[in-house]
Amino acid sequence: MDPASCPDQPSAVNEQVLNSSGRSVTAAVCLRRFLCYGSETGTYNTKEHPLGIENALSLMQFIEGGQGSEVVEEIRRLNSEGLTIRPNPSLFALAVCSQHADCKTRQRALRALKELCRTPAQLFTFVQYKKELKEGSGMWGRALRRAVMDWYNSQDGLSLAQAVTKCNHRAGWSHQDLLRLSHMKPTNDTVALVCKYMMKGWKGVQEAYGDKEKSEDVQKVFAYLEAVEKAKHSTDELVIIHLIEEHQLEKEQILTNHLKSKEVWNALLKEMPVVVLMRHLGKLTADKVLTPGSPDVAAVCERIQDETALKKAKIHPFNILVVSENYKRGHGKRGKLKWEPDCDVVQSLDFAFHKSISNVESTGKRFLVAVDVSSSLSSVAHGSSISTVAVATAMCMVIAQTEPDTQVVVFSEGAVVPCAISSDMTLMQAAAQLIQTPGGSTDCALPITWASENDKTVDVFIIFTNNQNIERANPAETLQTYRQKSGTFSKLIVCWMIASSLAIADHEDRGMLDICGFDSRAVDVIRNFVLDVI
């Protein structure tokens, strides 16, 4: 069957099934959860688990029910709208669809490959999932060969050269493997040049193109690959800097020895996105690229505080907080890399955190954010390597400033105390508000009971706790009582910041979500949940 004959959109009936909404957990909800974070349950865990058919039952239910094409469209929609928190579940689901017995489903899945696999790493991951699902039997049929070939041919030569020189292999596959197994036939001269480079290396390119007259586009790709090769073999620091500046080479294309050079780093920093820059602040300080009071520090701080760049990068305040807290710690996760935090950099990160809050879009819901202070908040949150008090405080500040109808409370045994979190507070001042109540035993149902007793109408309850046990009333049961009294289908999110597997959500209730640990992806999971995406 010609892929062009397949309709671009699912039928109205099937669209209604996949977009069903309500209070119960439907197969469509389970599918979206899986595509979003890799689990069909109402529990998001910061620890990523292996994907398999056994934890994608809703996916199989739709495919076996003749709705494989609709599943592919849902995968495309969620990815295009930026609603997938982890990339691998979508790639796994696409791999499942690509080898189903239904011809339309297979064709639709493989046609979506070049859209969903935006990087070589994702392409390699997809192919590996195909291999695992085939359980060793042959998988390189004509359809997969064409899809992989189209992935390479759909890109312009220079973009392809940049991508393949930054990521040559992943998940047990290399570009050489895919080009050989797909029987690659380039459709233009620039892609042909890159393919020659991947298969035969720079020597093969020189032999084929060195003395050959080249078009302008081919010459650009040739010059770029030549620059990458020179960067691999040159020992001259000035040559490396010149190559970086002329060809916009990136960190992944520079040898480790050269990354010890202050001048090389300064050349890289000129075009480095602010998100990547923040990720490397510790190393930049450890390697003395950033020294106190230097112009280099001033330039980096200016970039970190650039409100336009922060908005364009769509960096969530919580991500900046994680960078800031890890930088202030003065060492990497394993402790090998150590540095003395620069006070100007710390202040810039704090500025960026507060300014980026205004970039968070409101959901328009009524929130009650409750922080459990019955035990110390000094523990480290699973998944983010920062203290639980920092996690809870940051989220309280973000929600209180972006959602107009928000109440923040702290609670411990028998007590719920409202907190005033204002926009002019620093993180430390807000944290002081949250830890002022004495401890006791944990009762996560207290905030819901308090809202009921005080006639508070709440759309979303978010509870942050260090507790790893349900010591008193189950908050899920208390929520049901609150719903009946208020007439509102309120949602409940419990963030078990140091727990790895605790869950209280009723799996049949769409309005309950557990989060085990807390990381930057949890922020997006919460938003998707609040807005009925999952």
# chains A, B, ... in the order shown; residues from 1 in each chain; ligands from 1
call {"tool": "closest_atom_pairs", "arguments": {"of": "region 121-229 of chain A", "to": "region 100-112 of chain A", "cutoff": "8 Å", "atoms": "only C-alpha atoms", "output": "JSON lines"}}
result
{"residue": "A:Ala143", "atom": "CA", "partner": "A:Leu110", "partner_atom": "CA", "distance": 7.5}
{"residue": "A:Leu144", "atom": "CA", "partner": "A:Leu110", "partner_atom": "CA", "distance": 7.0}
{"residue": "A:Ala147", "atom": "CA", "partner": "A:Leu110", "partner_atom": "CA", "distance": 5.8}
call {"tool": "residues_around", "arguments": {"residues": "Val346 (chain A)", "least_positions_apart": "4", "cutoff": "10 Å", "atoms": "only C-alpha atoms", "output": "ChimeraX atom specification"}}
result
/A:301,323-325,327-328,341-342,350-352
call {"tool": "write_last_selection", "arguments": {"atoms": "all heavy atoms", "output": "PDB file, in the first residue's frame"}}
result
ATOM      1  N   CYS A 301      28.463  36.034  33.712  1.00  0.00           N
ATOM      2  CA  CYS A 301      27.350  36.501  34.546  1.00  0.00           C
ATOM      3  C   CYS A 301      26.341  37.305  33.735  1.00  0.00           C
ATOM      4  O   CYS A 301      25.133  37.188  33.943  1.00  0.00           O
ATOM      5  CB  CYS A 301      27.885  37.347  35.701  1.00  0.00           C
ATOM      6  SG  CYS A 301      28.797  36.397  36.948  1.00  0.00           S
ATOM      7  N   VAL A 323      21.085  23.880  39.133  1.00  0.00           N
ATOM      8  CA  VAL A 323      22.426  24.334  38.730  1.00  0.00           C
ATOM      9  C   VAL A 323      23.073  25.128  39.860  1.00  0.00           C
ATOM     10  O   VAL A 323      24.237  24.903  40.218  1.00  0.00           O
ATOM     11  CB  VAL A 323      22.349  25.201  37.452  1.00  0.00           C
ATOM     12  CG1 VAL A 323      23.689  25.872  37.180  1.00  0.00           C
ATOM     13  CG2 VAL A 323      21.929  24.357  36.259  1.00  0.00           C
ATOM     14  N   SER A 324      22.307  26.046  40.439  1.00  0.00           N
ATOM     15  CA  SER A 324      22.832  26.909  41.498  1.00  0.00           C
ATOM     16  C   SER A 324      23.248  26.118  42.731  1.00  0.00           C
ATOM     17  O   SER A 324      24.343  26.310  43.275  1.00  0.00           O
ATOM     18  CB  SER A 324      21.770  27.953  41.877  1.00  0.00           C
ATOM     19  OG  SER A 324      22.229  28.775  42.926  1.00  0.00           O
ATOM     20  N   GLU A 325      22.391  25.211  43.185  1.00  0.00           N
ATOM     21  CA  GLU A 325      22.694  24.436  44.393  1.00  0.00           C
ATOM     22  C   GLU A 325      23.890  23.516  44.175  1.00  0.00           C
ATOM     23  O   GLU A 325      24.739  23.358  45.059  1.00  0.00           O
ATOM     24  CB  GLU A 325      21.470  23.613  44.814  1.00  0.00           C
ATOM     25  CG  GLU A 325      20.289  24.454  45.289  1.00  0.00           C
ATOM     26  CD  GLU A 325      20.613  25.231  46.554  1.00  0.00           C
ATOM     27  OE1 GLU A 325      20.999  24.610  47.558  1.00  0.00           O
ATOM     28  OE2 GLU A 325      20.479  26.469  46.535  1.00  0.00           O
ATOM     29  N   TYR A 327      26.297  24.040  42.004  1.00  0.00           N
ATOM     30  CA  TYR A 327      27.491  24.890  41.884  1.00  0.00           C
ATOM     31  C   TYR A 327      27.975  25.340  43.254  1.00  0.00           C
ATOM     32  O   TYR A 327      29.182  25.313  43.554  1.00  0.00           O
ATOM     33  CB  TYR A 327      27.187  26.106  41.004  1.00  0.00           C
ATOM     34  CG  TYR A 327      28.380  27.017  40.817  1.00  0.00           C
ATOM     35  CD1 TYR A 327      29.421  26.653  39.967  1.00  0.00           C
ATOM     36  CD2 TYR A 327      28.467  28.230  41.498  1.00  0.00           C
ATOM     37  CE1 TYR A 327      30.527  27.483  39.806  1.00  0.00           C
ATOM     38  CE2 TYR A 327      29.558  29.065  41.337  1.00  0.00           C
ATOM     39  CZ  TYR A 327      30.598  28.689  40.492  1.00  0.00           C
ATOM     40  OH  TYR A 327      31.695  29.495  40.341  1.00  0.00           O
ATOM     41  N   LYS A 328      27.039  25.752  44.115  1.00  0.00           N
ATOM     42  CA  LYS A 328      27.411  26.213  45.458  1.00  0.00           C
ATOM     43  C   LYS A 328      28.043  25.100  46.299  1.00  0.00           C
ATOM     44  O   LYS A 328      28.814  25.373  47.215  1.00  0.00           O
ATOM     45  CB  LYS A 328      26.180  26.769  46.181  1.00  0.00           C
ATOM     46  CG  LYS A 328      25.756  28.145  45.670  1.00  0.00           C
ATOM     47  CD  LYS A 328      24.670  28.765  46.525  1.00  0.00           C
ATOM     48  CE  LYS A 328      23.330  28.130  46.310  1.00  0.00           C
ATOM     49  NZ  LYS A 328      22.237  28.853  47.001  1.00  0.00           N
ATOM     50  N   PRO A 341      33.298  28.044  44.715  1.00  0.00           N
ATOM     51  CA  PRO A 341      32.231  28.795  44.044  1.00  0.00           C
ATOM     52  C   PRO A 341      32.521  30.293  43.979  1.00  0.00           C
ATOM     53  O   PRO A 341      32.957  30.892  44.977  1.00  0.00           O
ATOM     54  CB  PRO A 341      30.999  28.512  44.907  1.00  0.00           C
ATOM     55  CG  PRO A 341      31.313  27.219  45.593  1.00  0.00           C
ATOM     56  CD  PRO A 341      32.786  27.245  45.843  1.00  0.00           C
ATOM     57  N   ASP A 342      32.307  30.883  42.833  1.00  0.00           N
ATOM     58  CA  ASP A 342      32.505  32.316  42.652  1.00  0.00           C
ATOM     59  C   ASP A 342      31.238  33.044  43.088  1.00  0.00           C
ATOM     60  O   ASP A 342      30.136  32.726  42.618  1.00  0.00           O
ATOM     61  CB  ASP A 342      32.817  32.614  41.182  1.00  0.00           C
ATOM     62  CG  ASP A 342      33.157  34.068  40.942  1.00  0.00           C
ATOM     63  OD1 ASP A 342      32.217  34.896  40.936  1.00  0.00           O
ATOM     64  OD2 ASP A 342      34.346  34.385  40.777  1.00  0.00           O
ATOM     65  N   ASP A 350      21.164  33.235  41.144  1.00  0.00           N
ATOM     66  CA  ASP A 350      20.027  33.607  41.985  1.00  0.00           C
ATOM     67  C   ASP A 350      19.133  34.610  41.248  1.00  0.00           C
ATOM     68  O   ASP A 350      17.894  34.497  41.264  1.00  0.00           O
ATOM     69  CB  ASP A 350      20.532  34.213  43.301  1.00  0.00           C
ATOM     70  CG  ASP A 350      19.403  34.502  44.270  1.00  0.00           C
ATOM     71  OD1 ASP A 350      18.635  33.572  44.573  1.00  0.00           O
ATOM     72  OD2 ASP A 350      19.280  35.654  44.728  1.00  0.00           O
ATOM     73  N   PHE A 351      19.747  35.563  40.566  1.00  0.00           N
ATOM     74  CA  PHE A 351      19.009  36.542  39.766  1.00  0.00           C
ATOM     75  C   PHE A 351      18.220  35.829  38.669  1.00  0.00           C
ATOM     76  O   PHE A 351      17.031  36.101  38.444  1.00  0.00           O
ATOM     77  CB  PHE A 351      19.990  37.548  39.150  1.00  0.00           C
ATOM     78  CG  PHE A 351      19.346  38.534  38.212  1.00  0.00           C
ATOM     79  CD1 PHE A 351      18.859  39.750  38.689  1.00  0.00           C
ATOM     80  CD2 PHE A 351      19.232  38.259  36.849  1.00  0.00           C
ATOM     81  CE1 PHE A 351      18.258  40.663  37.823  1.00  0.00           C
ATOM     82  CE2 PHE A 351      18.634  39.161  35.983  1.00  0.00           C
ATOM     83  CZ  PHE A 351      18.146  40.367  36.474  1.00  0.00           C
ATOM     84  N   ALA A 352      18.894  34.891  37.983  1.00  0.00           N
ATOM     85  CA  ALA A 352      18.249  34.160  36.886  1.00  0.00           C
ATOM     86  C   ALA A 352      17.071  33.334  37.390  1.00  0.00           C
ATOM     87  O   ALA A 352      16.034  33.232  36.723  1.00  0.00           O
ATOM     88  CB  ALA A 352      19.273  33.258  36.194  1.00  0.00           C
TER      89      ALA A 352
END
call {"tool": "closest_residue", "arguments": {"among": "A:Leu225, A:Leu310, A:Leu259, A:Cys516", "to": "Leu243 (chain A)", "atoms": "only C-alpha atoms"}}
result
A:Leu225
call {"tool": "residues_around", "arguments": {"residues": "Ile534 (chain A)", "least_positions_apart": "3", "cutoff": "7 Å", "atoms": "only C-alpha atoms", "output": "JSON, numbers by chain"}}
result
{"A": [29, 32, 33, 528, 529]}
call {"tool": "write_last_selection", "arguments": {"atoms": "N, CA, C and O atoms", "output": "PDB file, in the first residue's frame"}}
result
ATOM      1  N   VAL A  29      -5.680   7.551  28.649  1.00  0.00           N
ATOM      2  CA  VAL A  29      -4.878   8.207  29.691  1.00  0.00           C
ATOM      3  C   VAL A  29      -3.610   7.402  29.951  1.00  0.00           C
ATOM      4  O   VAL A  29      -2.511   7.956  30.066  1.00  0.00           O
ATOM      5  N   ARG A  32      -1.110   7.945  27.193  1.00  0.00           N
ATOM      6  CA  ARG A  32      -0.422   9.237  27.284  1.00  0.00           C
ATOM      7  C   ARG A  32       0.595   9.250  28.422  1.00  0.00           C
ATOM      8  O   ARG A  32       1.663   9.849  28.305  1.00  0.00           O
ATOM      9  N   ARG A  33       0.250   8.619  29.540  1.00  0.00           N
ATOM     10  CA  ARG A  33       1.212   8.530  30.632  1.00  0.00           C
ATOM     11  C   ARG A  33       2.472   7.807  30.169  1.00  0.00           C
ATOM     12  O   ARG A  33       3.592   8.233  30.444  1.00  0.00           O
ATOM     13  N   ASN A 528       1.613  18.771  33.048  1.00  0.00           N
ATOM     14  CA  ASN A 528       0.794  17.919  32.179  1.00  0.00           C
ATOM     15  C   ASN A 528      -0.400  17.339  32.926  1.00  0.00           C
ATOM     16  O   ASN A 528      -1.508  17.247  32.395  1.00  0.00           O
ATOM     17  N   PHE A 529      -0.167  16.951  34.169  1.00  0.00           N
ATOM     18  CA  PHE A 529      -1.230  16.376  34.996  1.00  0.00           C
ATOM     19  C   PHE A 529      -2.303  17.414  35.306  1.00  0.00           C
ATOM     20  O   PHE A 529      -3.503  17.148  35.176  1.00  0.00           O
TER      21      PHE A 529
END
call {"tool": "atom_distance", "arguments": {"atom1": "CA of Ser98 (chain A)", "atom2": "CA of Arg180 (chain A)"}}
result
20.4 Å
call {"tool": "residues_around", "arguments": {"residues": "Pro186 (chain A)", "least_positions_apart": "6", "cutoff": "12 Å", "atoms": "only C-alpha atoms", "output": "PyMOL selection string"}}
result
chain A and resi 146+148-157+179+192-196
call {"tool": "residues_around", "arguments": {"residues": "Asn88 (chain A)", "least_positions_apart": "5", "cutoff": "9 Å", "atoms": "only C-alpha atoms", "output": "PyMOL selection string"}}
result
chain A and resi 35+37-38+51+93+122+125-126
call {"tool": "residues_around", "arguments": {"residues": "Val25 (chain A)", "least_positions_apart": "3", "cutoff": "7 Å", "atoms": "only C-alpha atoms", "output": "PDB file with N, CA, C and O atoms, in the first residue's frame"}}
result
ATOM      1  N   VAL A  29      -5.680   7.551  28.649  1.00  0.00           N
ATOM      2  CA  VAL A  29      -4.878   8.207  29.691  1.00  0.00           C
ATOM      3  C   VAL A  29      -3.610   7.402  29.951  1.00  0.00           C
ATOM      4  O   VAL A  29      -2.511   7.956  30.066  1.00  0.00           O
ATOM      5  N   CYS A  30      -3.763   6.087  30.053  1.00  0.00           N
ATOM      6  CA  CYS A  30      -2.601   5.216  30.284  1.00  0.00           C
ATOM      7  C   CYS A  30      -1.588   5.337  29.154  1.00  0.00           C
ATOM      8  O   CYS A  30      -0.379   5.363  29.393  1.00  0.00           O
ATOM      9  N   GLU A 508      -7.484   3.896  39.655  1.00  0.00           N
ATOM     10  CA  GLU A 508      -8.695   4.082  38.855  1.00  0.00           C
ATOM     11  C   GLU A 508      -9.134   5.545  38.823  1.00  0.00           C
ATOM     12  O   GLU A 508     -10.109   5.885  38.164  1.00  0.00           O
ATOM     13  N   ASP A 509      -8.414   6.407  39.553  1.00  0.00           N
ATOM     14  CA  ASP A 509      -8.787   7.816  39.694  1.00  0.00           C
ATOM     15  C   ASP A 509      -7.797   8.680  38.920  1.00  0.00           C
ATOM     16  O   ASP A 509      -6.614   8.744  39.260  1.00  0.00           O
ATOM     17  N   ARG A 510      -8.298   9.375  37.907  1.00  0.00           N
ATOM     18  CA  ARG A 510      -7.421  10.185  37.069  1.00  0.00           C
ATOM     19  C   ARG A 510      -6.878  11.409  37.799  1.00  0.00           C
ATOM     20  O   ARG A 510      -5.915  12.031  37.355  1.00  0.00           O
TER      21      ARG A 510
END
call {"tool": "residues_around", "arguments": {"residues": "Met497 (chain A)", "least_positions_apart": "5", "cutoff": "9 Å", "atoms": "only C-alpha atoms", "output": "list in words"}}
result
Ser379, Val380, Ala381, His382, Gly383, Thr388, Val391, Ala392, Phe464, Thr465, Asn466, Asn467, Gln468, Ile515, Cys516, Gly517 and Phe518 of chain A
call {"tool": "write_last_selection", "arguments": {"atoms": "C-alpha atoms", "output": "compact mmCIF listing (two decimals), in the first residue's frame"}}
result
# COMPACT_ATOMS: atom_id res chain seq x y z
CA SER A 379 17.59 15.26 53.22
CA VAL A 380 18.63 15.11 49.57
CA ALA A 381 15.82 14.68 47.05
CA HIS A 382 16.13 11.64 44.82
CA GLY A 383 16.86 12.61 41.24
CA THR A 388 14.35 18.73 49.97
CA VAL A 391 12.93 21.69 46.26
CA ALA A 392 9.84 22.51 48.32
CA PHE A 464 5.73 17.86 49.53
CA THR A 465 6.97 15.40 52.13
CA ASN A 466 10.13 13.71 53.39
CA ASN A 467 8.03 10.94 54.82
CA GLN A 468 8.44 7.41 53.46
CA ILE A 515 5.95 11.59 42.36
CA CYS A 516 8.85 9.56 43.80
CA GLY A 517 11.90 11.76 44.12
CA PHE A 518 11.94 15.14 42.42
